[in-house]
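Peer 1: Sharing entry-v8.txt below, compact mmCIF, C-alpha atoms:
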# COMPACT_ATOMS: atom_id res chain seq x y z
CA MET A 1 58.65 113.03 63.43
CA SER A 2 61.82 114.68 64.55
CA ALA A 3 64.84 113.59 62.60
CA SER A 4 67.36 114.19 65.30
CA ARG A 5 67.86 113.55 68.98
CA PRO A 6 67.30 116.49 71.30
CA THR A 7 70.97 116.61 72.12
CA ALA A 8 72.12 116.94 68.56
CA ASP A 9 71.95 120.72 68.38
CA ILE A 10 73.89 121.36 71.51
CA PRO A 11 77.29 122.73 70.62
CA GLU A 12 80.33 120.88 71.86
CA MET A 13 81.67 122.55 74.95
CA PRO A 14 85.28 123.02 75.85
CA ASP A 15 86.42 119.94 77.70
CA PHE A 16 87.95 121.44 80.79
CA SER A 17 88.52 118.04 82.29
CA LYS A 18 91.17 117.38 79.68
CA GLU A 19 93.16 120.42 80.65
CA GLU A 20 96.40 119.57 82.21
CA THR A 21 95.94 119.35 85.93
CA PRO A 22 99.33 119.09 87.52
CA ILE A 23 99.14 117.06 90.66
CA ALA A 24 100.02 119.14 93.64
CA SER A 25 103.16 117.94 95.24
CA GLY A 26 103.35 117.09 98.90
CA PRO A 27 105.77 118.68 101.31
CA GLU A 28 109.38 118.66 100.24
CA PRO A 29 111.11 115.94 102.24
CA VAL A 30 114.43 117.75 102.11
CA SER A 31 113.07 120.68 104.04
CA ALA A 32 111.33 118.58 106.69
CA PRO A 33 112.75 119.04 110.16
CA GLN A 34 114.00 116.14 112.22
CA ALA A 35 111.13 116.31 114.69
CA GLU A 36 108.28 113.79 114.30
CA SER A 37 105.72 116.53 113.98
CA ALA A 38 105.78 120.21 113.26
CA PRO A 39 103.53 123.03 112.13
CA VAL A 40 102.94 122.65 108.42
CA ALA A 41 102.57 125.52 106.04
CA ASN A 42 99.35 125.71 104.08
CA TYR A 43 100.72 124.36 100.83
CA GLY A 44 100.73 121.06 99.00
CA LEU A 45 97.53 119.61 100.40
CA PHE A 46 95.46 122.70 99.75
CA ASN A 47 97.62 124.85 97.56
CA ALA A 48 95.94 127.77 95.86
CA GLU A 49 96.50 126.46 92.34
CA SER A 50 94.96 123.09 93.12
CA GLN A 51 91.97 124.68 94.84
CA GLY A 52 91.58 127.23 92.10
CA LYS A 53 91.49 124.58 89.40
CA LEU A 54 88.94 122.53 91.27
CA ALA A 55 86.78 125.56 91.98
CA ASP A 56 87.04 126.62 88.36
CA ALA A 57 86.22 123.14 87.03
CA THR A 58 83.29 122.75 89.39
CA GLN A 59 81.93 126.20 88.71
CA LYS A 60 82.15 125.74 84.95
CA PHE A 61 80.50 122.36 85.21
CA VAL A 62 77.75 123.63 87.48
CA GLN A 63 77.05 126.47 85.06
CA LYS A 64 76.97 124.22 82.00
CA LEU A 65 74.98 121.57 83.78
CA GLY A 66 72.51 124.15 85.02
CA ASP A 67 72.09 125.49 81.48
CA TYR A 68 71.71 122.03 80.04
CA LEU A 69 69.32 120.78 82.67
CA GLY A 70 67.22 123.88 82.24
CA GLN A 71 67.08 123.17 78.54
CA ALA A 72 66.19 119.54 79.21
CA LEU A 73 63.26 120.70 81.31
CA ASP A 74 62.19 123.11 78.56
CA ASP A 75 62.42 120.33 76.00
CA ALA A 76 60.36 118.02 78.15
CA THR A 77 57.17 119.24 76.54
CA SER A 78 56.91 116.09 74.49
CA LEU A 79 58.07 112.52 74.62
CA GLU A 80 58.93 110.56 71.53
CA VAL A 81 59.41 106.82 71.35
CA ARG A 82 60.29 104.88 68.19
CA THR A 83 60.48 101.16 67.66
CA TYR A 84 62.56 99.54 64.95
CA VAL A 85 63.16 95.92 64.06
CA SER A 86 65.90 94.22 62.13
CA GLY A 87 66.80 90.68 61.22
CA ASP A 88 70.47 91.62 61.39
CA ILE A 89 71.25 94.18 64.03
CA GLY A 90 74.92 94.08 63.12
CA ALA A 91 74.06 95.55 59.71
CA VAL A 92 72.13 98.46 61.17
CA THR A 93 73.71 101.87 60.98
CA TYR A 94 73.11 104.88 63.19
CA GLU A 95 73.34 108.26 61.54
CA LYS A 96 71.90 111.68 62.29
CA GLY A 97 70.05 110.41 65.31
CA GLN A 98 68.28 107.54 63.59
CA PHE A 99 68.75 103.87 62.97
CA GLY A 100 69.25 103.14 59.28
CA GLY A 101 70.48 100.45 56.96
CA ASP A 102 68.68 97.23 57.73
CA ALA A 103 66.46 98.79 60.44
CA ARG A 104 62.74 99.21 59.77
CA LEU A 105 60.73 101.77 61.70
CA ARG A 106 57.63 99.90 62.88
CA ALA A 107 55.97 102.22 65.38
CA MET A 108 56.22 105.74 66.73
CA THR A 109 54.48 107.59 69.53
CA ARG A 110 54.73 111.25 70.39
CA VAL A 111 53.04 112.43 73.57
CA ASN A 112 52.75 116.19 74.08
CA ILE A 113 52.60 117.80 77.49
CA ASP A 114 48.98 118.83 76.89
CA GLY A 115 48.07 115.18 76.38
CA ASP A 116 47.85 115.28 72.58
CA THR A 117 49.26 112.05 71.25
CA LEU A 118 50.46 111.16 67.79
CA VAL A 119 50.72 107.46 67.09
CA CYS A 120 51.97 105.55 64.08
CA VAL A 121 50.68 102.00 64.36
CA PRO A 122 52.54 99.07 62.83
CA GLU A 123 50.64 96.87 60.44
CA THR A 124 51.27 93.70 58.55
CA ASP A 125 49.08 92.81 55.57
CA GLY A 126 46.57 95.47 56.53
CA GLU A 127 46.28 94.23 60.13
CA VAL A 128 47.77 95.84 63.21
CA ASP A 129 50.90 93.96 64.18
CA ILE A 130 49.92 93.16 67.73
CA ALA A 131 53.30 91.79 68.75
CA VAL A 132 55.24 94.90 67.71
CA TRP A 133 52.50 97.18 69.03
CA SER A 134 52.62 95.51 72.40
CA ILE A 135 56.42 95.87 72.62
CA HIS A 136 56.15 99.48 71.56
CA MET A 137 53.52 100.35 74.15
CA ASP A 138 55.67 98.75 76.85
CA MET A 139 58.55 100.98 75.75
CA VAL A 140 56.32 104.07 75.82
CA LYS A 141 55.23 103.24 79.35
CA GLN A 142 58.82 102.67 80.43
CA ALA A 143 59.92 105.94 78.80
CA GLN A 144 57.20 107.84 80.64
CA GLU A 145 58.27 106.35 83.96
CA SER A 146 61.94 107.01 83.24
CA ARG A 147 61.20 110.58 82.30
CA ALA A 148 59.32 111.21 85.53
CA GLU A 149 62.23 109.80 87.51
CA LEU A 150 64.80 111.74 85.52
CA MET A 151 62.96 115.00 85.93
CA LYS A 152 62.91 114.41 89.67
CA THR A 153 66.67 113.82 89.62
CA ILE A 154 67.29 116.87 87.46
CA VAL A 155 65.24 119.16 89.69
CA SER A 156 66.98 117.78 92.76
CA ALA A 157 70.42 118.18 91.17
CA ALA A 158 69.61 121.72 90.08
CA GLY A 159 68.59 122.54 93.64
CA SER A 160 71.93 121.45 95.02
CA LEU A 161 74.04 123.24 92.42
CA ALA A 162 73.87 126.64 94.04
CA SER A 163 74.85 125.40 97.49
CA ILE A 164 78.46 124.80 96.64
CA PHE A 165 79.20 128.43 95.79
CA THR A 166 76.90 130.08 98.28
CA PRO A 167 78.98 131.83 100.92
CA LYS A 168 78.49 130.17 104.26
CA GLY A 169 76.97 132.14 107.06
CA MET B 170 79.20 82.70 80.70
CA SER B 171 78.71 85.03 83.62
CA ALA B 172 76.75 88.25 83.35
CA THR B 173 78.59 91.51 82.83
CA PHE B 174 77.45 95.11 83.00
CA GLU B 175 79.88 97.41 81.25
CA LEU B 176 79.98 101.15 80.81
CA THR B 177 82.24 102.48 78.08
CA LEU B 178 82.97 106.17 77.75
CA PRO B 179 84.69 107.64 74.71
CA ASN B 180 88.43 107.78 75.28
CA ASP B 181 88.09 107.59 79.02
CA GLU B 182 87.88 105.07 81.82
CA PRO B 183 84.68 105.65 83.78
CA VAL B 184 85.07 107.00 87.31
CA GLY B 185 82.48 106.57 90.07
CA LEU B 186 80.87 103.40 88.76
CA ILE B 187 77.74 102.37 90.60
CA GLY B 188 76.26 98.97 91.41
CA PRO B 189 77.03 96.19 88.93
CA TRP B 190 78.81 98.37 86.38
CA GLN B 191 82.42 97.93 85.46
CA ALA B 192 84.58 99.75 82.94
CA GLY B 193 84.10 98.38 79.45
CA ALA B 194 86.85 97.86 76.94
CA PRO B 195 87.77 101.09 75.17
CA ALA B 196 85.55 101.72 72.15
CA SER B 197 86.99 100.75 68.81
CA VAL B 198 85.74 101.49 65.36
CA SER B 199 84.22 98.24 64.15
CA PHE B 200 81.49 97.25 61.81
CA ALA B 201 81.62 93.55 62.50
CA ALA B 202 78.27 91.86 63.10
CA GLY B 203 77.24 92.12 66.72
CA GLU B 204 79.75 94.86 67.45
CA SER B 205 78.50 98.14 68.77
CA SER B 206 77.99 100.82 66.11
CA ALA B 207 77.42 103.50 68.70
CA PRO B 208 78.40 107.03 67.75
CA PRO B 209 81.94 107.71 68.96
CA ASP B 210 80.83 110.28 71.52
CA ALA B 211 78.04 108.22 73.13
CA PRO B 212 78.34 106.50 76.49
CA VAL B 213 77.64 102.79 75.90
CA TRP B 214 75.94 100.72 78.58
CA LYS B 215 76.32 97.10 77.61
CA VAL B 216 74.61 94.23 79.41
CA SER B 217 75.74 90.71 78.57
CA LEU B 218 73.76 87.84 80.00
CA PRO B 219 73.97 84.07 79.98
CA ALA B 220 71.58 82.08 77.80
CA ASP B 221 69.96 80.33 80.72
CA PRO B 222 66.81 82.36 81.48
CA LEU B 223 67.02 81.71 85.21
CA GLU B 224 70.64 82.81 85.37
CA ALA B 225 69.87 85.90 83.28
CA ASP B 226 66.93 86.72 85.53
CA GLN B 227 69.09 86.32 88.63
CA ALA B 228 71.84 88.54 87.20
CA LEU B 229 69.32 91.27 86.45
CA ALA B 230 67.70 90.90 89.86
CA GLU B 231 71.10 91.29 91.52
CA ALA B 232 71.87 94.35 89.42
CA GLU B 233 68.50 95.86 90.33
CA ALA B 234 69.15 95.18 94.00
CA GLN B 235 72.59 96.81 93.79
CA ILE B 236 71.14 99.91 92.15
CA ALA B 237 68.38 100.11 94.74
CA ALA B 238 70.95 99.77 97.54
CA ALA B 239 73.11 102.51 96.02
CA GLU B 240 70.03 104.71 95.72
CA SER B 241 69.18 104.18 99.40
CA ALA B 242 72.77 104.83 100.39
CA LEU B 243 72.76 108.17 98.55
CA ASP B 244 69.44 109.01 100.20
CA GLU B 245 71.05 108.55 103.59
CA VAL B 246 74.17 110.65 102.97
CA PRO B 247 72.68 114.04 103.96
CA ALA B 248 71.45 112.68 107.31
CA ARG B 249 74.75 110.93 107.96
CA LEU B 250 76.63 114.16 107.25
CA ASP B 251 74.23 116.13 109.42
CA ALA B 252 75.03 113.76 112.27
CA ILE B 253 78.67 114.77 111.92
CA THR B 254 78.32 118.47 111.27
CA THR B 255 75.74 119.12 113.96
CA SER B 256 77.51 117.23 116.70
CA GLN B 257 80.93 118.76 116.17
CA PRO B 258 81.44 122.25 117.54
CA ARG B 259 83.69 124.54 115.57
CA GLY B 260 87.24 125.00 116.70
CA VAL B 261 87.70 121.52 118.12
CA SER B 262 89.79 118.92 116.35
CA PHE B 263 87.89 116.04 114.81
CA VAL B 264 88.50 112.88 116.73
CA ALA B 265 86.62 109.95 115.26
CA ALA B 266 86.39 108.18 118.61
CA SER B 267 84.44 111.04 120.11
CA PHE B 268 81.70 110.49 117.53
CA GLY B 269 81.41 106.83 118.33
CA VAL B 270 81.95 105.95 114.69
CA GLU B 271 83.48 102.65 113.71
CA ALA B 272 87.16 102.64 112.85
CA GLU B 273 87.76 102.45 109.09
CA SER B 274 84.18 103.45 108.39
CA PRO B 275 83.60 106.17 105.77
CA GLU B 276 82.82 108.55 108.65
CA ALA B 277 86.10 107.76 110.41
CA ASP B 278 88.08 108.37 107.22
CA LEU B 279 86.18 111.57 106.58
CA LEU B 280 86.82 112.88 110.09
CA SER B 281 90.46 111.98 109.81
CA LEU B 282 90.74 113.84 106.52
CA LEU B 283 88.91 116.87 107.89
CA ASP B 284 91.02 116.84 111.02
CA HIS B 285 94.08 116.94 108.88
CA ALA B 286 92.66 119.72 106.74
CA ARG B 287 91.93 121.73 109.86
CA SER B 288 95.43 121.12 111.19
CA VAL B 289 97.00 122.35 107.99
CA GLU B 290 94.64 125.31 107.87
CA GLN B 291 95.58 126.31 111.39
CA GLY B 292 99.26 125.44 111.17
CA ARG B 293 98.94 122.92 114.00
CA PRO B 294 101.54 120.16 114.36
CA VAL B 295 100.98 117.30 111.95
CA SER B 296 102.84 114.05 111.78
CA TYR B 297 104.67 113.87 108.48
CA GLY B 298 103.59 110.29 107.86
CA ALA B 299 99.99 111.28 108.38
CA PHE B 300 100.52 114.32 106.19
CA ASP B 301 101.66 112.21 103.28
CA PHE B 302 98.78 109.81 103.72
CA ALA B 303 96.13 112.50 103.98
CA SER B 304 97.71 114.57 101.25
CA GLU B 305 97.68 111.60 98.91
CA ALA B 306 94.12 110.63 99.78
CA TRP B 307 92.97 114.20 99.26
CA GLU B 308 94.80 114.59 96.00
CA GLN B 309 93.54 111.28 94.69
CA ALA B 310 89.97 112.26 95.55
CA ARG B 311 90.41 115.64 93.89
CA VAL B 312 91.74 114.11 90.68
CA GLN B 313 88.95 111.51 90.62
CA PHE B 314 86.27 114.11 91.23
CA GLU B 315 87.58 116.31 88.45
CA ALA B 316 87.61 113.32 86.11
CA PHE B 317 84.06 112.48 87.16
CA LEU B 318 82.95 116.06 86.42
CA GLY B 319 84.44 115.85 82.95
CA GLN B 320 82.75 112.54 82.24
CA LEU B 321 79.41 113.67 83.58
CA GLN B 322 79.61 116.80 81.48
CA ARG B 323 80.01 114.70 78.36
CA GLU B 324 77.28 112.31 79.49
CA VAL B 325 74.67 115.02 79.88
CA LEU B 326 75.40 116.22 76.36
CA HIS B 327 74.69 112.88 74.76
CA PHE B 328 72.03 110.23 74.78
CA ALA B 329 72.90 106.88 76.30
CA TRP B 330 73.32 103.82 74.12
CA VAL B 331 72.10 100.67 75.82
CA GLU B 332 72.69 97.19 74.44
CA THR B 333 71.56 93.80 75.67
CA ASN B 334 73.37 90.66 74.58
CA VAL B 335 72.43 87.12 75.49
CA GLU B 336 75.22 84.62 75.06
CA GLY B 337 76.82 86.91 72.48
CA LEU B 338 73.61 87.50 70.54
CA LEU B 339 72.65 91.17 70.34
CA LEU B 340 68.96 91.31 71.27
CA ALA B 341 68.27 95.00 71.27
CA ARG B 342 69.70 98.49 71.32
CA THR B 343 68.10 101.58 72.75
CA THR B 344 69.23 105.16 72.51
CA VAL B 345 67.74 107.23 75.28
CA GLY B 346 68.04 110.96 75.81
CA TRP B 347 67.94 112.77 79.14
CA GLY B 348 64.38 113.82 78.44
CA GLY B 349 63.30 110.21 78.04
CA ASP B 350 62.99 110.17 74.23
CA SER B 351 64.06 106.77 73.04
CA ASP B 352 64.61 104.70 69.91
CA THR B 353 64.75 100.95 70.28
CA LEU B 354 65.98 98.49 67.71
CA TRP B 355 64.83 94.94 68.31
CA LEU B 356 66.11 91.75 66.80
CA GLU B 357 63.28 90.48 64.64
CA GLY B 358 61.65 87.41 66.12
CA ALA B 359 62.82 88.03 69.68
CA ASP B 360 60.42 86.37 72.11
CA ALA B 361 58.57 87.94 75.01
CA ALA B 362 61.11 86.77 77.57
CA GLN B 363 63.97 88.31 75.58
CA LEU B 364 62.06 91.57 75.22
CA ALA B 365 61.50 91.66 78.96
CA ILE B 366 65.21 91.13 79.54
CA HIS B 367 66.14 94.18 77.47
CA ARG B 368 63.50 96.31 79.17
CA ARG B 369 64.99 95.44 82.54
CA ALA B 370 68.55 96.00 81.34
CA LEU B 371 67.49 99.36 79.95
CA GLN B 372 65.92 100.31 83.24
CA VAL B 373 69.09 99.39 85.13
CA ALA B 374 71.14 101.53 82.74
CA VAL B 375 68.80 104.53 82.88
CA LYS B 376 68.63 104.41 86.67
CA SER B 377 72.40 104.12 86.86
CA ARG B 378 72.83 107.14 84.62
CA ALA B 379 70.49 109.15 86.83
CA LEU B 380 72.39 107.94 89.89
CA ARG B 381 75.62 109.34 88.51
CA LEU B 382 73.96 112.73 88.38
CA ARG B 383 72.66 112.19 91.89
CA MET B 384 76.17 111.32 93.02
CA PHE B 385 77.29 114.72 91.82
CA SER B 386 74.52 116.56 93.63
CA THR B 387 75.07 114.50 96.78
CA VAL B 388 78.78 115.36 96.73
CA THR B 389 78.23 119.08 96.16
CA SER B 390 75.54 119.42 98.80
CA GLY B 391 77.68 117.27 101.12
CA ALA B 392 80.66 119.55 100.57
CA ALA B 393 78.49 122.53 101.45
CA LYS B 394 77.60 120.86 104.75
CA LEU B 395 81.22 119.95 105.48
CA SER B 396 82.37 123.48 104.74
CA LEU B 397 80.72 124.51 108.00
CA LEU B 398 83.49 122.64 109.78
CA LEU B 399 86.26 124.47 107.97
CA THR B 400 87.27 128.04 108.49
CA THR B 401 88.61 128.97 105.08
CA PRO B 402 86.31 131.07 102.86
CA ALA B 403 86.71 128.45 100.11
CA GLY B 404 85.59 125.72 102.49
CA ALA B 405 83.01 124.17 100.21
CA VAL B 406 85.44 123.81 97.34
CA LEU B 407 88.09 122.54 99.72
CA ALA B 408 85.62 119.99 101.05
CA LEU B 409 84.64 118.65 97.61
CA PRO B 410 87.32 115.94 97.50
CA ALA B 411 86.46 114.88 101.06
CA ALA B 412 82.77 114.68 100.20
CA TRP B 413 83.58 112.77 97.01
CA LYS B 414 85.73 110.28 98.92
CA TYR B 415 83.05 109.91 101.58
CA VAL B 416 80.28 109.20 99.04
CA THR B 417 82.36 106.80 96.96
CA ASP B 418 83.54 105.02 100.13
CA ILE B 419 79.91 104.50 101.15
CA LEU B 420 78.99 103.20 97.70
CA ALA B 421 82.01 100.87 97.70
CA GLN B 422 81.02 99.59 101.12
CA ILE B 423 77.46 98.93 99.94
CA LYS B 424 78.75 97.18 96.84
CA SER B 425 81.03 94.93 98.88
CA TYR B 426 78.17 94.06 101.19
CA GLN B 427 75.83 93.31 98.29
CA THR B 428 78.44 91.19 96.56
CA LEU B 429 78.94 89.27 99.78
CA ILE B 430 75.26 88.53 100.38
CA GLN B 431 74.58 87.83 96.72
CA GLY B 432 77.57 85.50 96.64
CA GLY B 433 76.17 83.81 99.71
CA THR B 434 72.77 83.43 98.09
CA ASN B 435 74.27 82.06 94.89
CA GLY B 436 76.60 79.72 96.70
Take the structure in the file and give it back as structure tokens.

Peer 2:
Amino acid sequence: MSASRPTADIPEMPDFSKEETPIASGPEPVSAPQAESAPVANYGLFNAESQGKLADATQKFVQKLGDYLGQALDDATSLEVRTYVSGDIGAVTYEKGQFGGDARLRAMTRVNIDGDTLVCVPETDGEVDIAVWSIHMDMVKQAQESRAELMKTIVSAAGSLASIFTPKG
Amino acid sequence: MSATFELTLPNDEPVGLIGPWQAGAPASVSFAAGESSAPPDAPVWKVSLPADPLEADQALAEAEAQIAAAESALDEVPARLDAITTSQPRGVSFVAASFGVEAESPEADLLSLLDHARSVEQGRPVSYGAFDFASEAWEQARVQFEAFLGQLQREVLHFAWVETNVEGLLLARTTVGWGGDSDTLWLEGADAAQLAIHRRALQVAVKSRALRLRMFSTVTSGAAKLSLLLTTPAGAVLALPAAWKYVTDILAQIKSYQTLIQGGTNG
């Protein structure tokens, strides 16, 4: 059983969204003519700095997202679902991608893309714990459905990523 | 108590919330019983429901309906944008009335914003009052979209942490990665109805997370369509804030409508 979540090895990326993004100022009121309308220079609303930052942020994000989504698809060769129980959830810790402390691992299923399945069945006094097993199987089914939906979303998102920087014809 | 659906992001107020979700209280380090012990970098989706099973069921059903409505609305965005981009010849100013769109609709606001963008691009006369308004709207959308990008970037790097509480009692926690891998911690002795509640809450959270990614792809592909109406080489990037505003306006409109009809049903 894997000891860590699939995301754990991904290095932290620079957080470009936290860079200072000065808000572009509007037109200077002092320089506005008296007339009610007038030709307006191409500044403020679409100034180069503002556009450049947005383009840069989007491009970086698209690149990182594309890399990550590609990795998510590569990692989608197996699905792992674990079920824990605890009498006191408040006392349960979460470290290194796993519940710990008061949590007890009761069932685990790993389904590989080729259909091979590894199952750890919960038992109580030598008998299969039907209640926990039933909950666990429901969670496996839900995880399979969620994965299928997520993969669809990821593929669709990946398809749209290129469009934003493709020169228009 | 009334049901709440809260999304908490580390050190950040969530932007672009969908369906029933609202911004949760900023995460604090706490080890008190019942408090979240989520890793500091994990997005936390917390569902709190009333003890009455019928009320809890209704709250979940409403959340599911809101998510489904948001999903349908995003599905329709490309066709709605096509209706604008294909009916408007280049070089003509965008007048909402000529499209037969309703005043104050997302389309009307979008056309108004694009018209202004075109005017500025071409140096055509622009009313200064309108300039300020459009400039502000554009800038606000740009700032929001950048914030959304930053949040989404962090979200895709981490698994989601989903919690279900009933009347303050923590029933279950699930961590779920983007690939679908999940770990669920159940409160020992929880009954079948309580288990079903968490499964539904989890599904709402997972769908909502996927929808945030879909929002991004809908905005970027929408901006690409809108760029056809602009003449600048950086049209698609320029159009990103407009597309963001358009998509979030549509989602806000859907949410208002849902709240209205759900309020009517409840009342």

Peer 1: If I take CA of Ser281 (chain B) and CA of Ser425 (chain B), how far is one from the other in Å, to one decimal?

Peer 2: 22.3 Å

Peer 1: So what do you get for CA of Glu145 (chain A) versus CA of Arg82 (chain A), distance-wise?

Peer 2: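 Between CA of Glu145 (chain A) and CA of Arg82 (chain A) the gap works out to 16.0 Å.
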
Peer 1: Between CA of Ser256 (chain B) and CA of Thr58 (chain A), what is the spacing in Å?

Peer 2: 28.5 Å

Peer 1: Closest to chain A among B:Asp418, B:Asp360, B:Glu224, B:Glu245, using all atoms listed in the file?

Peer 2: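 Of the candidates, the smallest distance to chain A is held by B:Asp360.
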
Peer 1: I want to know what sits within 10 Å of Glu149 (chain A), based on only C-alpha atoms, with residues of the same chain fewer than 6 positions away left out; could you give that as JSON, numbers by chain?

Peer 2: {"A": [143], "B": [349, 375, 376, 379]}

Peer 1: Which residues, protein or nucleic acid, reach to within 10 Å of (80.4, 97.3, 82.6) in the file's coordinates when using all atoms listed in the file, and can you give that as a PyMOL selection string?

Peer 2: chain B and resi 172-177+183+186-194+213-217

Peer 1: Measuring atom to atom with all atoms listed in the file, identify which of A:Glu80, A:Gly159, A:Gly66, A:Asp56 is nearest to chain B.

Peer 2: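 Selected residue with least distance to chain B: A:Glu80.
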